Amino acid sequence: MEDLDLLVDAARAGGGWAFARLWEVLSPVVASYLRGRGTRDPEDVASEVFLAAFQRIGRFDGDGAAFRAWLFTIAHHKGVDALRRGPNREVLMEELDDGRRHPSAEDTAIGRLGEEAALRRLDVLTDDQRAVILLRVVGDLSLAETALILGKPVGAIKALQHRALERLRTRPPRPAVSPGAARPMTGTR
């Protein structure tokens with residue numbers, strides 16, 4: 001991965017190109033985290049995350065690793081807000097084809113199948129366990145950074161991670177549910 005320290009310094013100094021590059025590098029990871037947390041429109045919420053970061057970048061003080069942790073803190077809060085808004089959020093504007101290249105339907109379908117399988121696998125976890133695994137694995141954050149984001153002691157994060165990994169090891173994934181079908185209630189959240 002590129003040197004986040006240099007990109008963050010350039011973005012903080014007003015280099016729009018650097019912030020654009022931070023978006024290119026980190027927005028897929030942020031969207032994956034949000035998707036894993038069950039956010040309805042993770043790409044839209046990721047855009048909100050980067051907008052908030054862009055608006056506050058001048059006040060940010062830290063290196064690339066600190067920026068990544070700060071970005072996931074914003075993502076966590078924006079994701080919680082999105083979940084609270086619920087599924088009936090009104091779409092204000094339909095997507096427009098702006099002429100940029102898009103992945104092929106085949107690539108998109110294959111990517112979604114793998115992603116859906118991974119998300120079904122995470123469904124056996126509690127919300128806290130899922131957040132810890134997503135921040136540690138997808139976000140590539142340390143125990144301390146994860147603890148800070150979730151507002152829990154490092155020891156609690158270690159315990160949640162241990163229990164999550166054990167649960168993933170011992171419990172089969174939930175079966176796929178067809179669109180529109182009710183999800184079975186399990187009490188694991």
# chains A, B, ... in the order shown; residues from 1 in each chain; ligands from 1
>>> residues_around(residues="Arg56 in chain A", least_positions_apart="6", cutoff="12 Å", atoms="only C-alpha atoms", output="PyMOL selection string")
chain A and resi 11-12+14+19+49-50+67+70-71+74
>>> write_last_selection(atoms="N, CA and C atoms", output="compact mmCIF listing (two decimals), in the first residue's frame")
# COMPACT_ATOMS: atom_id res chain seq x y z
N ALA A 11 -2.64 15.84 2.01
CA ALA A 11 -4.07 16.19 2.11
C ALA A 11 -4.28 17.28 3.15
N ARG A 12 -3.57 17.18 4.26
CA ARG A 12 -3.69 18.19 5.33
C ARG A 12 -3.18 19.55 4.85
N GLY A 14 -3.65 20.67 1.95
CA GLY A 14 -4.55 21.18 0.93
C GLY A 14 -4.44 20.50 -0.41
N PHE A 19 -6.03 13.75 -1.15
CA PHE A 19 -7.27 13.28 -0.53
C PHE A 19 -8.00 12.35 -1.50
N VAL A 49 -18.54 9.39 5.19
CA VAL A 49 -17.35 9.29 6.04
C VAL A 49 -16.23 10.16 5.47
N PHE A 50 -15.98 10.02 4.18
CA PHE A 50 -14.89 10.78 3.57
C PHE A 50 -15.21 12.27 3.51
N PHE A 67 -4.56 8.28 10.91
CA PHE A 67 -5.62 8.70 9.99
C PHE A 67 -6.55 7.53 9.70
N TRP A 70 -8.71 7.02 12.67
CA TRP A 70 -9.66 8.13 12.74
C TRP A 70 -10.77 7.94 11.73
N LEU A 71 -10.41 7.51 10.52
CA LEU A 71 -11.39 7.28 9.47
C LEU A 71 -12.37 6.17 9.87
N ILE A 74 -14.85 7.47 12.41
CA ILE A 74 -15.94 8.18 11.73
C ILE A 74 -16.89 7.17 11.08
>>> closest_atom_pairs(of="range 122-154 of chain A", to="range 31-34 of chain A", cutoff="12 Å", atoms="only C-alpha atoms", output="Markdown table")
| residue | atom | partner | partner_atom | distance |
| --- | --- | --- | --- | --- |
| A:Leu122 | CA | A:Tyr33 | CA | 11.9 |
| A:Arg130 | CA | A:Tyr33 | CA | 9.8 |
| A:Ala131 | CA | A:Tyr33 | CA | 8.3 |
| A:Val132 | CA | A:Tyr33 | CA | 10.4 |
| A:Ile133 | CA | A:Tyr33 | CA | 9.6 |
| A:Leu134 | CA | A:Tyr33 | CA | 5.9 |
| A:Leu135 | CA | A:Tyr33 | CA | 7.1 |
| A:Arg136 | CA | A:Tyr33 | CA | 10.1 |
| A:Val137 | CA | A:Tyr33 | CA | 9.3 |
| A:Val138 | CA | A:Tyr33 | CA | 6.3 |
| A:Gly139 | CA | A:Tyr33 | CA | 6.9 |
| A:Asp140 | CA | A:Tyr33 | CA | 10.5 |
| A:Leu141 | CA | A:Tyr33 | CA | 11.7 |
>>> residues_around(residues="Ile157 in chain A", least_positions_apart="4", cutoff="12 Å", atoms="only C-alpha atoms", output="short mmCIF file (atom, residue, chain, number, x, y, z; two decimals) with C-alpha atoms, in the first residue's frame")
data_model
loop_
_atom_site.label_atom_id
_atom_site.label_comp_id
_atom_site.auth_asym_id
_atom_site.auth_seq_id
_atom_site.Cartn_x
_atom_site.Cartn_y
_atom_site.Cartn_z
CA ASP A 128 -19.79 -6.54 19.18
CA GLN A 129 -17.89 -9.60 17.96
CA ARG A 130 -18.63 -8.70 14.34
CA ALA A 131 -17.43 -5.11 14.86
CA VAL A 132 -14.18 -6.32 16.42
CA ILE A 133 -13.47 -8.82 13.63
CA LEU A 135 -12.15 -3.56 12.45
CA ARG A 136 -9.23 -5.91 13.10
CA LEU A 141 -6.52 -1.87 13.05
CA SER A 142 -4.67 -2.69 16.25
CA LEU A 143 -6.32 -3.86 19.45
CA ALA A 144 -5.82 -0.39 20.95
CA GLU A 145 -7.33 1.38 17.92
CA THR A 146 -10.28 -1.02 17.91
CA ALA A 147 -10.82 -0.46 21.64
CA LEU A 148 -10.78 3.31 21.15
CA ILE A 149 -13.31 3.16 18.29
CA LEU A 150 -15.69 0.87 20.16
CA GLY A 151 -15.20 2.58 23.53
CA LYS A 152 -14.16 -0.60 25.30
CA PRO A 153 -11.02 -1.64 27.21
CA GLN A 161 -11.98 -11.35 19.34
CA HIS A 162 -11.19 -14.68 21.01
CA ARG A 163 -14.88 -15.56 21.40
CA ALA A 164 -15.61 -14.47 17.82
#
>>> atom_distance(atom1="CA of Val30 in chain A", atom2="CA of Ala46 in chain A")
6.1 Å
>>> closest_residue(among="A:Leu160, A:Gly79, A:Asp3, A:Val45", to="Pro28 in chain A", atoms="only C-alpha atoms")
A:Val45
